[in-house]
$ cat target_12.txt   # compact mmCIF, N, CA and C atoms
# COMPACT_ATOMS: atom_id res chain seq x y z
N MET A 16 146.69 199.06 -45.92
CA MET A 16 146.55 197.67 -46.20
C MET A 16 145.46 197.51 -47.26
N VAL A 17 145.73 196.68 -48.23
CA VAL A 17 144.76 196.36 -49.28
C VAL A 17 144.47 194.87 -49.19
N VAL A 18 143.18 194.57 -49.17
CA VAL A 18 142.77 193.18 -49.12
C VAL A 18 141.98 192.87 -50.38
N VAL A 19 142.36 191.83 -51.05
CA VAL A 19 141.66 191.41 -52.26
C VAL A 19 141.09 190.02 -52.01
N LEU A 20 139.81 189.91 -52.20
CA LEU A 20 139.16 188.62 -52.04
C LEU A 20 138.70 188.14 -53.41
N VAL A 21 139.06 186.93 -53.73
CA VAL A 21 138.65 186.35 -55.00
C VAL A 21 137.87 185.08 -54.70
N ARG A 22 136.65 185.05 -55.15
CA ARG A 22 135.81 183.88 -54.94
C ARG A 22 136.25 182.77 -55.88
N PRO A 23 136.43 181.57 -55.35
CA PRO A 23 136.77 180.46 -56.26
C PRO A 23 135.58 180.15 -57.16
N PRO A 24 135.83 179.54 -58.30
CA PRO A 24 134.72 179.22 -59.20
C PRO A 24 133.69 178.32 -58.52
N GLY A 25 132.41 178.64 -58.73
CA GLY A 25 131.32 177.82 -58.22
C GLY A 25 131.10 176.62 -59.12
N PRO A 26 130.20 175.72 -58.75
CA PRO A 26 130.01 174.49 -59.52
C PRO A 26 129.51 174.70 -60.95
N LEU A 27 128.83 175.82 -61.21
CA LEU A 27 128.31 176.07 -62.57
C LEU A 27 129.18 177.05 -63.35
N ASP A 28 130.27 177.50 -62.75
CA ASP A 28 131.13 178.50 -63.39
C ASP A 28 132.13 177.88 -64.35
N GLN A 29 132.68 178.75 -65.17
CA GLN A 29 133.76 178.42 -66.10
C GLN A 29 134.98 178.01 -65.26
N PRO A 30 135.55 176.83 -65.51
CA PRO A 30 136.71 176.40 -64.72
C PRO A 30 137.93 177.30 -64.90
N ASP A 31 138.05 177.92 -66.05
CA ASP A 31 139.20 178.78 -66.33
C ASP A 31 138.71 180.22 -66.49
N PRO A 32 138.78 181.05 -65.44
CA PRO A 32 138.27 182.42 -65.53
C PRO A 32 138.90 183.23 -66.66
N ALA A 33 140.08 182.86 -67.11
CA ALA A 33 140.71 183.58 -68.22
C ALA A 33 139.93 183.42 -69.52
N ARG A 34 139.06 182.40 -69.61
CA ARG A 34 138.28 182.19 -70.83
C ARG A 34 136.97 182.97 -70.83
N GLN A 35 136.65 183.68 -69.72
CA GLN A 35 135.45 184.50 -69.70
C GLN A 35 135.65 185.61 -70.73
N ARG A 36 134.62 185.86 -71.51
CA ARG A 36 134.76 186.82 -72.60
C ARG A 36 134.03 188.11 -72.30
N ASP A 37 134.55 189.21 -72.81
CA ASP A 37 133.87 190.48 -72.68
C ASP A 37 133.64 191.13 -74.04
N GLY A 38 133.70 190.36 -75.09
CA GLY A 38 133.47 190.90 -76.43
C GLY A 38 133.11 189.80 -77.40
N LEU A 39 132.74 190.22 -78.61
CA LEU A 39 132.37 189.27 -79.65
C LEU A 39 133.57 188.48 -80.14
N LEU A 40 133.32 187.25 -80.52
CA LEU A 40 134.37 186.44 -81.13
C LEU A 40 134.47 186.80 -82.61
N LEU A 41 135.66 187.13 -83.05
CA LEU A 41 135.87 187.40 -84.47
C LEU A 41 136.25 186.14 -85.21
N ASP A 42 136.77 185.16 -84.47
CA ASP A 42 137.23 183.93 -85.10
C ASP A 42 136.58 182.71 -84.45
N GLY A 43 135.31 182.84 -84.03
CA GLY A 43 134.61 181.72 -83.42
C GLY A 43 134.43 180.59 -84.41
N PRO A 44 134.15 179.40 -83.91
CA PRO A 44 134.00 178.26 -84.80
C PRO A 44 132.81 178.44 -85.76
N LEU A 45 132.92 177.81 -86.89
CA LEU A 45 131.83 177.77 -87.88
C LEU A 45 131.07 176.48 -87.62
N VAL A 46 129.76 176.59 -87.36
CA VAL A 46 128.97 175.39 -87.06
C VAL A 46 128.43 174.80 -88.36
N PRO A 47 128.21 173.50 -88.39
CA PRO A 47 127.59 172.88 -89.57
C PRO A 47 126.19 173.48 -89.80
N SER A 48 125.64 173.27 -90.96
CA SER A 48 124.33 173.85 -91.27
C SER A 48 123.21 173.26 -90.41
N THR A 49 123.38 172.04 -89.91
CA THR A 49 122.40 171.44 -89.00
C THR A 49 123.14 170.65 -87.92
N VAL A 50 122.77 170.90 -86.67
CA VAL A 50 123.32 170.17 -85.54
C VAL A 50 122.16 169.81 -84.61
N ALA A 51 121.99 168.55 -84.32
CA ALA A 51 120.94 168.08 -83.41
C ALA A 51 119.57 168.63 -83.79
N GLY A 52 119.34 168.75 -85.08
CA GLY A 52 118.04 169.22 -85.56
C GLY A 52 117.88 170.72 -85.62
N VAL A 53 118.88 171.48 -85.19
CA VAL A 53 118.83 172.95 -85.26
C VAL A 53 119.53 173.38 -86.53
N GLU A 54 118.82 174.18 -87.34
CA GLU A 54 119.39 174.68 -88.59
C GLU A 54 120.04 176.04 -88.36
N PHE A 55 121.19 176.22 -88.98
CA PHE A 55 121.94 177.47 -88.90
C PHE A 55 122.14 178.03 -90.30
N GLY A 56 122.30 179.35 -90.38
CA GLY A 56 122.64 179.98 -91.65
C GLY A 56 121.53 180.82 -92.26
N ARG A 57 120.32 180.76 -91.71
CA ARG A 57 119.24 181.59 -92.25
C ARG A 57 119.16 182.93 -91.55
N SER A 58 119.28 182.91 -90.25
CA SER A 58 119.22 184.11 -89.43
C SER A 58 120.03 183.84 -88.17
N PRO A 59 120.29 184.88 -87.36
CA PRO A 59 121.01 184.62 -86.11
C PRO A 59 120.22 183.66 -85.23
N VAL A 60 120.95 182.84 -84.47
CA VAL A 60 120.33 181.87 -83.56
C VAL A 60 120.96 182.05 -82.18
N VAL A 61 120.09 182.12 -81.17
CA VAL A 61 120.55 182.12 -79.79
C VAL A 61 120.18 180.76 -79.21
N LEU A 62 121.18 180.08 -78.69
CA LEU A 62 120.97 178.79 -78.03
C LEU A 62 121.05 179.03 -76.52
N LEU A 63 119.98 178.72 -75.82
CA LEU A 63 119.96 178.81 -74.37
C LEU A 63 120.18 177.41 -73.81
N PHE A 64 121.25 177.22 -73.09
CA PHE A 64 121.58 175.92 -72.52
C PHE A 64 121.16 175.90 -71.06
N ASP A 65 120.41 174.87 -70.69
CA ASP A 65 119.99 174.74 -69.30
C ASP A 65 119.86 173.27 -68.97
N ARG A 66 119.72 172.96 -67.69
CA ARG A 66 119.55 171.58 -67.26
C ARG A 66 118.08 171.21 -67.10
N GLU A 67 117.25 172.22 -66.94
CA GLU A 67 115.81 172.02 -66.84
C GLU A 67 115.14 173.29 -67.36
N PRO A 68 113.87 173.22 -67.73
CA PRO A 68 113.22 174.41 -68.25
C PRO A 68 113.21 175.54 -67.21
N PRO A 69 113.50 176.75 -67.65
CA PRO A 69 113.45 177.88 -66.72
C PRO A 69 112.00 178.27 -66.41
N ASP A 70 111.85 179.17 -65.47
CA ASP A 70 110.53 179.69 -65.13
C ASP A 70 109.88 180.30 -66.37
N ARG A 71 108.62 179.94 -66.62
CA ARG A 71 107.93 180.37 -67.83
C ARG A 71 107.86 181.89 -67.95
N GLN A 72 107.50 182.58 -66.88
CA GLN A 72 107.36 184.03 -66.94
C GLN A 72 108.71 184.72 -67.17
N GLU A 73 109.74 184.23 -66.52
CA GLU A 73 111.07 184.81 -66.72
C GLU A 73 111.54 184.58 -68.15
N LEU A 74 111.30 183.38 -68.68
CA LEU A 74 111.69 183.09 -70.05
C LEU A 74 110.90 183.96 -71.03
N ALA A 75 109.61 184.10 -70.82
CA ALA A 75 108.78 184.93 -71.70
C ALA A 75 109.26 186.37 -71.68
N SER A 76 109.62 186.87 -70.52
CA SER A 76 110.14 188.24 -70.42
C SER A 76 111.45 188.36 -71.18
N TRP A 77 112.33 187.38 -71.01
CA TRP A 77 113.62 187.38 -71.71
C TRP A 77 113.40 187.37 -73.22
N LEU A 78 112.51 186.49 -73.68
CA LEU A 78 112.24 186.38 -75.11
C LEU A 78 111.66 187.67 -75.68
N GLY A 79 110.94 188.42 -74.85
CA GLY A 79 110.38 189.69 -75.29
C GLY A 79 111.44 190.74 -75.61
N GLU A 80 112.65 190.54 -75.12
CA GLU A 80 113.75 191.47 -75.38
C GLU A 80 114.51 191.16 -76.67
N VAL A 81 114.33 189.95 -77.19
CA VAL A 81 115.11 189.49 -78.34
C VAL A 81 114.46 189.98 -79.64
N PRO A 82 115.25 190.53 -80.56
CA PRO A 82 114.68 190.98 -81.85
C PRO A 82 113.99 189.83 -82.59
N ARG A 83 112.94 190.16 -83.34
CA ARG A 83 112.16 189.14 -84.06
C ARG A 83 112.96 188.39 -85.11
N ARG A 84 114.02 188.98 -85.63
CA ARG A 84 114.80 188.33 -86.69
C ARG A 84 115.65 187.17 -86.17
N VAL A 85 115.66 187.01 -84.86
CA VAL A 85 116.53 186.02 -84.21
C VAL A 85 115.73 184.78 -83.83
N GLU A 86 116.28 183.62 -84.12
CA GLU A 86 115.68 182.35 -83.69
C GLU A 86 116.28 181.97 -82.34
N VAL A 87 115.44 181.46 -81.45
CA VAL A 87 115.90 181.05 -80.12
C VAL A 87 115.52 179.60 -79.89
N ARG A 88 116.45 178.82 -79.35
CA ARG A 88 116.19 177.43 -78.99
C ARG A 88 116.63 177.21 -77.56
N LEU A 89 115.83 176.47 -76.82
CA LEU A 89 116.18 176.07 -75.46
C LEU A 89 116.74 174.66 -75.54
N ILE A 90 117.99 174.49 -75.14
CA ILE A 90 118.69 173.21 -75.25
C ILE A 90 118.72 172.56 -73.87
N LEU A 91 118.15 171.36 -73.79
CA LEU A 91 118.13 170.60 -72.54
C LEU A 91 118.82 169.26 -72.75
N PRO A 92 119.48 168.73 -71.71
CA PRO A 92 120.18 167.45 -71.86
C PRO A 92 119.25 166.24 -71.85
N GLU A 93 118.02 166.42 -71.36
CA GLU A 93 117.05 165.32 -71.34
C GLU A 93 115.65 165.89 -71.46
N PRO A 94 114.70 165.07 -71.84
CA PRO A 94 113.33 165.58 -71.98
C PRO A 94 112.84 166.18 -70.66
N PRO A 95 112.18 167.34 -70.74
CA PRO A 95 111.71 167.97 -69.50
C PRO A 95 110.57 167.18 -68.87
N ALA A 96 110.50 167.23 -67.53
CA ALA A 96 109.42 166.54 -66.80
C ALA A 96 108.08 167.19 -67.11
N ALA A 97 108.08 168.51 -67.28
CA ALA A 97 106.86 169.24 -67.60
C ALA A 97 106.98 169.82 -69.01
N LEU A 98 105.89 169.87 -69.71
CA LEU A 98 105.87 170.39 -71.07
C LEU A 98 106.20 171.88 -71.08
N VAL A 99 107.07 172.28 -71.99
CA VAL A 99 107.38 173.69 -72.20
C VAL A 99 106.47 174.18 -73.31
N ASP A 100 105.84 175.32 -73.10
CA ASP A 100 104.91 175.88 -74.08
C ASP A 100 105.58 175.99 -75.45
N PRO A 101 105.14 175.19 -76.44
CA PRO A 101 105.79 175.23 -77.76
C PRO A 101 105.61 176.56 -78.47
N GLY A 102 104.62 177.35 -78.07
CA GLY A 102 104.45 178.68 -78.65
C GLY A 102 105.43 179.68 -78.09
N LEU A 103 106.08 179.33 -77.00
CA LEU A 103 107.03 180.22 -76.35
C LEU A 103 108.43 180.07 -76.94
N VAL A 104 108.92 178.84 -76.94
CA VAL A 104 110.27 178.57 -77.45
C VAL A 104 110.34 177.10 -77.87
N GLU A 105 111.14 176.84 -78.89
CA GLU A 105 111.35 175.46 -79.31
C GLU A 105 112.39 174.81 -78.41
N VAL A 106 112.05 173.66 -77.86
CA VAL A 106 112.96 172.91 -77.00
C VAL A 106 113.67 171.85 -77.84
N VAL A 107 114.98 171.77 -77.67
CA VAL A 107 115.78 170.75 -78.34
C VAL A 107 116.43 169.91 -77.26
N VAL A 108 116.17 168.62 -77.27
CA VAL A 108 116.80 167.71 -76.32
C VAL A 108 118.09 167.19 -76.97
N ASP A 109 119.19 167.43 -76.30
CA ASP A 109 120.50 167.10 -76.85
C ASP A 109 121.32 166.36 -75.79
N PRO A 110 121.02 165.07 -75.57
CA PRO A 110 121.69 164.33 -74.49
C PRO A 110 123.19 164.13 -74.71
N ASP A 111 123.63 164.18 -75.94
CA ASP A 111 125.05 163.97 -76.24
C ASP A 111 125.87 165.25 -76.22
N GLY A 112 125.21 166.40 -76.05
CA GLY A 112 125.93 167.66 -76.00
C GLY A 112 126.51 168.10 -77.34
N ARG A 113 125.90 167.65 -78.44
CA ARG A 113 126.44 168.02 -79.77
C ARG A 113 126.39 169.52 -80.02
N LEU A 114 125.32 170.18 -79.56
CA LEU A 114 125.23 171.63 -79.77
C LEU A 114 126.25 172.37 -78.91
N ALA A 115 126.40 171.95 -77.66
CA ALA A 115 127.41 172.58 -76.79
C ALA A 115 128.80 172.42 -77.40
N ASP A 116 129.08 171.24 -77.94
CA ASP A 116 130.38 171.02 -78.59
C ASP A 116 130.54 171.90 -79.82
N ALA A 117 129.49 172.02 -80.62
CA ALA A 117 129.56 172.79 -81.87
C ALA A 117 129.85 174.26 -81.62
N VAL A 118 129.35 174.80 -80.51
CA VAL A 118 129.56 176.22 -80.23
C VAL A 118 130.66 176.45 -79.19
N ALA A 119 131.37 175.38 -78.83
CA ALA A 119 132.47 175.43 -77.87
C ALA A 119 132.04 175.98 -76.51
N LEU A 120 130.84 175.57 -76.05
CA LEU A 120 130.40 175.95 -74.71
C LEU A 120 131.27 175.21 -73.70
N PRO A 121 131.88 175.92 -72.77
CA PRO A 121 132.75 175.24 -71.80
C PRO A 121 131.96 174.30 -70.89
N THR A 122 132.64 173.34 -70.33
CA THR A 122 132.06 172.46 -69.33
C THR A 122 132.27 173.12 -67.97
N PRO A 123 131.21 173.22 -67.16
CA PRO A 123 131.38 173.87 -65.86
C PRO A 123 132.20 173.04 -64.89
N VAL A 124 132.57 173.66 -63.78
CA VAL A 124 133.39 173.02 -62.76
C VAL A 124 132.81 171.68 -62.31
N ASP A 125 131.48 171.60 -62.19
CA ASP A 125 130.87 170.35 -61.69
C ASP A 125 130.84 169.24 -62.74
N GLY A 126 131.26 169.52 -63.96
CA GLY A 126 131.35 168.51 -65.00
C GLY A 126 130.04 168.19 -65.70
N GLY A 127 128.94 168.78 -65.25
CA GLY A 127 127.64 168.53 -65.87
C GLY A 127 127.43 169.38 -67.11
N PRO A 128 126.23 169.31 -67.70
CA PRO A 128 125.93 170.15 -68.85
C PRO A 128 126.02 171.63 -68.48
N GLY A 129 126.51 172.43 -69.41
CA GLY A 129 126.64 173.86 -69.16
C GLY A 129 125.31 174.57 -69.12
N ILE A 130 125.23 175.63 -68.33
CA ILE A 130 124.08 176.52 -68.30
C ILE A 130 124.60 177.87 -68.77
N GLY A 131 124.04 178.34 -69.87
CA GLY A 131 124.50 179.60 -70.45
C GLY A 131 123.87 179.80 -71.80
N TYR A 132 124.61 180.45 -72.69
CA TYR A 132 124.05 180.70 -74.01
C TYR A 132 125.15 180.87 -75.05
N ALA A 133 124.73 180.75 -76.29
CA ALA A 133 125.63 180.98 -77.42
C ALA A 133 124.86 181.76 -78.47
N VAL A 134 125.57 182.62 -79.19
CA VAL A 134 124.99 183.39 -80.29
C VAL A 134 125.73 182.98 -81.56
N VAL A 135 124.97 182.53 -82.55
CA VAL A 135 125.52 182.12 -83.84
C VAL A 135 124.94 183.06 -84.89
N ASP A 136 125.80 183.65 -85.72
CA ASP A 136 125.30 184.61 -86.69
C ASP A 136 124.69 183.93 -87.91
N SER A 137 124.17 184.73 -88.83
CA SER A 137 123.48 184.19 -90.00
C SER A 137 124.43 183.51 -90.99
N ARG A 138 125.73 183.63 -90.75
CA ARG A 138 126.72 182.94 -91.58
C ARG A 138 127.26 181.68 -90.90
N ARG A 139 126.60 181.31 -89.77
CA ARG A 139 126.91 180.10 -89.00
C ARG A 139 128.17 180.23 -88.14
N GLN A 140 128.65 181.44 -87.93
CA GLN A 140 129.84 181.61 -87.09
C GLN A 140 129.41 181.92 -85.65
N VAL A 141 130.05 181.24 -84.71
CA VAL A 141 129.78 181.48 -83.30
C VAL A 141 130.38 182.84 -82.94
N ARG A 142 129.53 183.71 -82.42
CA ARG A 142 129.98 185.05 -82.04
C ARG A 142 130.11 185.22 -80.53
N TYR A 143 129.48 184.32 -79.78
CA TYR A 143 129.58 184.39 -78.33
C TYR A 143 129.14 183.04 -77.77
N SER A 144 129.83 182.56 -76.78
CA SER A 144 129.48 181.29 -76.15
C SER A 144 130.00 181.35 -74.72
N THR A 145 129.10 181.26 -73.74
CA THR A 145 129.53 181.44 -72.37
C THR A 145 128.66 180.67 -71.39
N LEU A 146 129.24 180.31 -70.27
CA LEU A 146 128.47 179.79 -69.15
C LEU A 146 127.89 180.99 -68.41
N ASP A 147 126.61 180.94 -68.12
CA ASP A 147 125.95 182.03 -67.40
C ASP A 147 124.69 181.50 -66.75
N PRO A 148 124.80 180.99 -65.51
CA PRO A 148 123.61 180.45 -64.85
C PRO A 148 122.50 181.49 -64.66
N ALA A 149 122.83 182.77 -64.78
CA ALA A 149 121.84 183.84 -64.64
C ALA A 149 121.48 184.44 -66.00
N TYR A 150 121.48 183.63 -67.05
CA TYR A 150 121.25 184.17 -68.40
C TYR A 150 119.92 184.90 -68.54
N LEU A 151 118.89 184.49 -67.81
CA LEU A 151 117.60 185.17 -67.91
C LEU A 151 117.64 186.56 -67.29
N VAL A 152 118.50 186.77 -66.33
CA VAL A 152 118.65 188.08 -65.71
C VAL A 152 119.47 189.00 -66.61
N ASN A 153 120.33 188.42 -67.42
CA ASN A 153 121.27 189.19 -68.23
C ASN A 153 120.85 189.31 -69.70
N ALA A 154 119.56 189.49 -69.95
CA ALA A 154 119.07 189.59 -71.33
C ALA A 154 119.75 190.73 -72.08
N PHE A 155 120.09 191.80 -71.38
CA PHE A 155 120.72 192.94 -72.04
C PHE A 155 122.03 192.55 -72.71
N GLU A 156 122.73 191.56 -72.16
CA GLU A 156 123.98 191.12 -72.79
C GLU A 156 123.70 190.55 -74.18
N VAL A 157 122.69 189.71 -74.27
CA VAL A 157 122.37 189.08 -75.56
C VAL A 157 121.87 190.11 -76.55
N THR A 158 121.00 191.02 -76.12
CA THR A 158 120.48 192.03 -77.05
C THR A 158 121.60 192.94 -77.53
N THR A 159 122.56 193.23 -76.67
CA THR A 159 123.71 194.05 -77.08
C THR A 159 124.54 193.30 -78.13
N ILE A 160 124.80 192.03 -77.90
CA ILE A 160 125.56 191.23 -78.86
C ILE A 160 124.83 191.17 -80.20
N LEU A 161 123.51 190.97 -80.15
CA LEU A 161 122.73 190.84 -81.38
C LEU A 161 122.71 192.10 -82.24
N LYS A 162 122.96 193.25 -81.64
CA LYS A 162 123.02 194.50 -82.43
C LYS A 162 124.17 194.48 -83.42
N TRP A 163 125.18 193.68 -83.13
CA TRP A 163 126.39 193.66 -83.96
C TRP A 163 126.55 192.38 -84.76
N VAL A 164 125.55 191.52 -84.72
CA VAL A 164 125.65 190.23 -85.38
C VAL A 164 124.77 190.22 -86.63
N PRO A 165 125.36 189.84 -87.78
CA PRO A 165 124.54 189.80 -89.01
C PRO A 165 123.56 188.62 -89.01
$ encode --input "target_12.txt" --output "structure tokens"
Amino acid sequence: MVVVLVRPPGPLDQPDPARQRDGLLLDGPLVPSTVAGVEFGRSPVVLLFDREPPDRQELASWLGEVPRRVEVRLILPEPPAALVDPGLVEVVVDPDGRLADAVALPTPVDGGPGIGYAVVDSRRQVRYSTLDPAYLVNAFEVTTILKWVP
């Protein structure tokens, strides 16, 4: 007897598991040169999408793994209750979800703002965009993607 258990999508998961990606996008969308105050096209950009600022130490550790040539922005749907250290990461408040739309970040099952990340290359092409509530634990995924992104 073989038993297969499949967990249904959680509230922060991708509603369509078939859209989960395991590789770089070769034909990802091209983002405009500026979206919600974030400039694209100079160097690779990693957009971290969250609903509230993550733990400072975990974020600092994650940022320590990212190559210096890469710009990182923390995207929040509303101004944070507590100040995020501006020397750590630039916070972009995007209540309308323009950045999530520009990089085709999926909407999670619960319908709220997505938690995850997107990688945009120096030519403004989206190379990866995914929901990942554990993005700080999975820094190796982003660093692996960045090795192949111009």
$ residues_around --input "target_12.txt" --residues "Thr158 of chain A" --least-positions-apart "2" --cutoff "12 Å" --atoms "only C-alpha atoms" --output "list in words"
Pro59, Val61, Trp77, Leu78, Gly79, Glu80, Val81, Pro82, Arg83, Arg84, Val85, Val134, Tyr143, Tyr150, Leu151, Asn153, Ala154, Phe155, Glu156, Ile160, Leu161, Lys162, Trp163 and Val164 of chain A
$ closest_residue --input "target_12.txt" --among "A:Pro123, A:Pro94, A:Pro69, A:Gly56" --to "Arg138 of chain A" --atoms "only N, CA and C atoms"
A:Gly56
$ select_by_dssp --input "target_12.txt" --residues "segment 75-136 of chain A" --states "strand (DSSP E)" --output "JSON, numbers by chain"
{"A": [86, 87, 88, 89, 90, 91, 105, 106, 107, 108, 131, 132, 133, 134, 135]}
$ residues_around --input "target_12.txt" --residues "Leu45 of chain A" --least-positions-apart "5" --cutoff "5 Å" --atoms "all atoms listed in the file" --output "PyMOL selection string"
chain A and resi 139-141
$ closest_residue --input "target_12.txt" --among "A:Leu39, A:Val118, A:Val152, A:Val108" --to "Ala75 of chain A" --atoms "only C-alpha atoms"
A:Val152
$ closest_residue --input "target_12.txt" --among "A:Leu91, A:Val135, A:Val46, A:Ala149" --to "Pro165 of chain A" --atoms "only C-alpha atoms"
A:Val135
$ select_by_dssp --input "target_12.txt" --residues "segment 18-140 of chain A" --states "alpha helix (DSSP H)" --output "VMD selection string"
chain A and resid 71 to 80 113 to 117
$ residues_around --input "target_12.txt" --residues "Pro121 of chain A" --least-positions-apart "6" --cutoff "8 Å" --atoms "only C-alpha atoms" --output "ChimeraX atom specification"
/A:29,115,129,145-146
$ residues_around --input "target_12.txt" --residues "Phe64 of chain A" --least-positions-apart "2" --cutoff "7 Å" --atoms "only C-alpha atoms" --output "mmCIF file with N, CA and C atoms, in the coordinates of the input"
data_model
loop_
_atom_site.group_PDB
_atom_site.id
_atom_site.type_symbol
_atom_site.label_atom_id
_atom_site.label_comp_id
_atom_site.auth_asym_id
_atom_site.auth_seq_id
_atom_site.Cartn_x
_atom_site.Cartn_y
_atom_site.Cartn_z
ATOM 1 N N LEU A 62 121.180 180.080 -78.690
ATOM 2 C CA LEU A 62 120.970 178.790 -78.030
ATOM 3 C C LEU A 62 121.050 179.030 -76.520
ATOM 4 N N LEU A 89 115.830 176.470 -76.820
ATOM 5 C CA LEU A 89 116.180 176.070 -75.460
ATOM 6 C C LEU A 89 116.740 174.660 -75.540
ATOM 7 N N ILE A 90 117.990 174.490 -75.140
ATOM 8 C CA ILE A 90 118.690 173.210 -75.250
ATOM 9 C C ILE A 90 118.720 172.560 -73.870
ATOM 10 N N LEU A 91 118.150 171.360 -73.790
ATOM 11 C CA LEU A 91 118.130 170.600 -72.540
ATOM 12 C C LEU A 91 118.820 169.260 -72.750
ATOM 13 N N GLY A 129 126.510 172.430 -69.410
ATOM 14 C CA GLY A 129 126.640 173.860 -69.160
ATOM 15 C C GLY A 129 125.310 174.570 -69.120
ATOM 16 N N ILE A 130 125.230 175.630 -68.330
ATOM 17 C CA ILE A 130 124.080 176.520 -68.300
ATOM 18 C C ILE A 130 124.600 177.870 -68.770
ATOM 19 N N GLY A 131 124.040 178.340 -69.870
ATOM 20 C CA GLY A 131 124.500 179.600 -70.450
ATOM 21 C C GLY A 131 123.870 179.800 -71.800
ATOM 22 N N TYR A 132 124.610 180.450 -72.690
ATOM 23 C CA TYR A 132 124.050 180.700 -74.010
ATOM 24 C C TYR A 132 125.150 180.870 -75.050
#
$ atom_distance --input "target_12.txt" --atom1 "atom N of Arg71 of chain A" --atom2 "atom N of Val107 of chain A"
15.1 Å
$ atom_distance --input "target_12.txt" --atom1 "atom N of Pro110 of chain A" --atom2 "atom CA of Gly127 of chain A"
12.2 Å
$ residues_near_point --input "target_12.txt" --point "(117.8, 170.0, -85.1)" --cutoff "10 Å" --atoms "only C-alpha atoms" --output "PDB file with N, CA and C atoms, keeping the file's coordinate frame"
ATOM      1  N   SER A  48     125.640 173.270 -90.960  1.00  0.00           N
ATOM      2  CA  SER A  48     124.330 173.850 -91.270  1.00  0.00           C
ATOM      3  C   SER A  48     123.210 173.260 -90.410  1.00  0.00           C
ATOM      4  N   THR A  49     123.380 172.040 -89.910  1.00  0.00           N
ATOM      5  CA  THR A  49     122.400 171.440 -89.000  1.00  0.00           C
ATOM      6  C   THR A  49     123.140 170.650 -87.920  1.00  0.00           C
ATOM      7  N   VAL A  50     122.770 170.900 -86.670  1.00  0.00           N
ATOM      8  CA  VAL A  50     123.320 170.170 -85.540  1.00  0.00           C
ATOM      9  C   VAL A  50     122.160 169.810 -84.610  1.00  0.00           C
ATOM     10  N   ALA A  51     121.990 168.550 -84.320  1.00  0.00           N
ATOM     11  CA  ALA A  51     120.940 168.080 -83.410  1.00  0.00           C
ATOM     12  C   ALA A  51     119.570 168.630 -83.790  1.00  0.00           C
ATOM     13  N   GLY A  52     119.340 168.750 -85.080  1.00  0.00           N
ATOM     14  CA  GLY A  52     118.040 169.220 -85.560  1.00  0.00           C
ATOM     15  C   GLY A  52     117.880 170.720 -85.620  1.00  0.00           C
ATOM     16  N   VAL A  53     118.880 171.480 -85.190  1.00  0.00           N
ATOM     17  CA  VAL A  53     118.830 172.950 -85.260  1.00  0.00           C
ATOM     18  C   VAL A  53     119.530 173.380 -86.530  1.00  0.00           C
ATOM     19  N   GLU A  54     118.820 174.180 -87.340  1.00  0.00           N
ATOM     20  CA  GLU A  54     119.390 174.680 -88.590  1.00  0.00           C
ATOM     21  C   GLU A  54     120.040 176.040 -88.360  1.00  0.00           C
ATOM     22  N   PHE A  55     121.190 176.220 -88.980  1.00  0.00           N
ATOM     23  CA  PHE A  55     121.940 177.470 -88.900  1.00  0.00           C
ATOM     24  C   PHE A  55     122.140 178.030 -90.300  1.00  0.00           C
ATOM     25  N   ARG A  88     116.450 178.820 -79.350  1.00  0.00           N
ATOM     26  CA  ARG A  88     116.190 177.430 -78.990  1.00  0.00           C
ATOM     27  C   ARG A  88     116.630 177.210 -77.560  1.00  0.00           C
ATOM     28  N   VAL A 106     112.050 173.660 -77.860  1.00  0.00           N
ATOM     29  CA  VAL A 106     112.960 172.910 -77.000  1.00  0.00           C
ATOM     30  C   VAL A 106     113.670 171.850 -77.840  1.00  0.00           C
ATOM     31  N   VAL A 107     114.980 171.770 -77.670  1.00  0.00           N
ATOM     32  CA  VAL A 107     115.780 170.750 -78.340  1.00  0.00           C
ATOM     33  C   VAL A 107     116.430 169.910 -77.260  1.00  0.00           C
ATOM     34  N   VAL A 108     116.170 168.620 -77.270  1.00  0.00           N
ATOM     35  CA  VAL A 108     116.800 167.710 -76.320  1.00  0.00           C
ATOM     36  C   VAL A 108     118.090 167.190 -76.970  1.00  0.00           C
ATOM     37  N   ASP A 109     119.190 167.430 -76.300  1.00  0.00           N
ATOM     38  CA  ASP A 109     120.500 167.100 -76.850  1.00  0.00           C
ATOM     39  C   ASP A 109     121.320 166.360 -75.790  1.00  0.00           C
ATOM     40  N   LEU A 114     125.320 170.180 -79.560  1.00  0.00           N
ATOM     41  CA  LEU A 114     125.230 171.630 -79.770  1.00  0.00           C
ATOM     42  C   LEU A 114     126.250 172.370 -78.910  1.00  0.00           C
TER      43      LEU A 114
END
$ closest_residue --input "target_12.txt" --among "A:Asp111, A:Leu120, A:Asp136, A:Pro128" --to "Arg66 of chain A" --atoms "all atoms listed in the file"
A:Pro128
$ atom_distance --input "target_12.txt" --atom1 "atom CA of Val124 of chain A" --atom2 "atom CA of Arg142 of chain A"
23.0 Å
$ closest_residue --input "target_12.txt" --among "A:Asp147, A:Glu86, A:Glu93, A:Asp70" --to "Arg57 of chain A" --atoms "all atoms listed in the file"
A:Glu86
$ closest_residue --input "target_12.txt" --among "A:Val87, A:Val157, A:Ala96, A:Gly112" --to "Val60 of chain A" --atoms "only N, CA and C atoms"
A:Val87
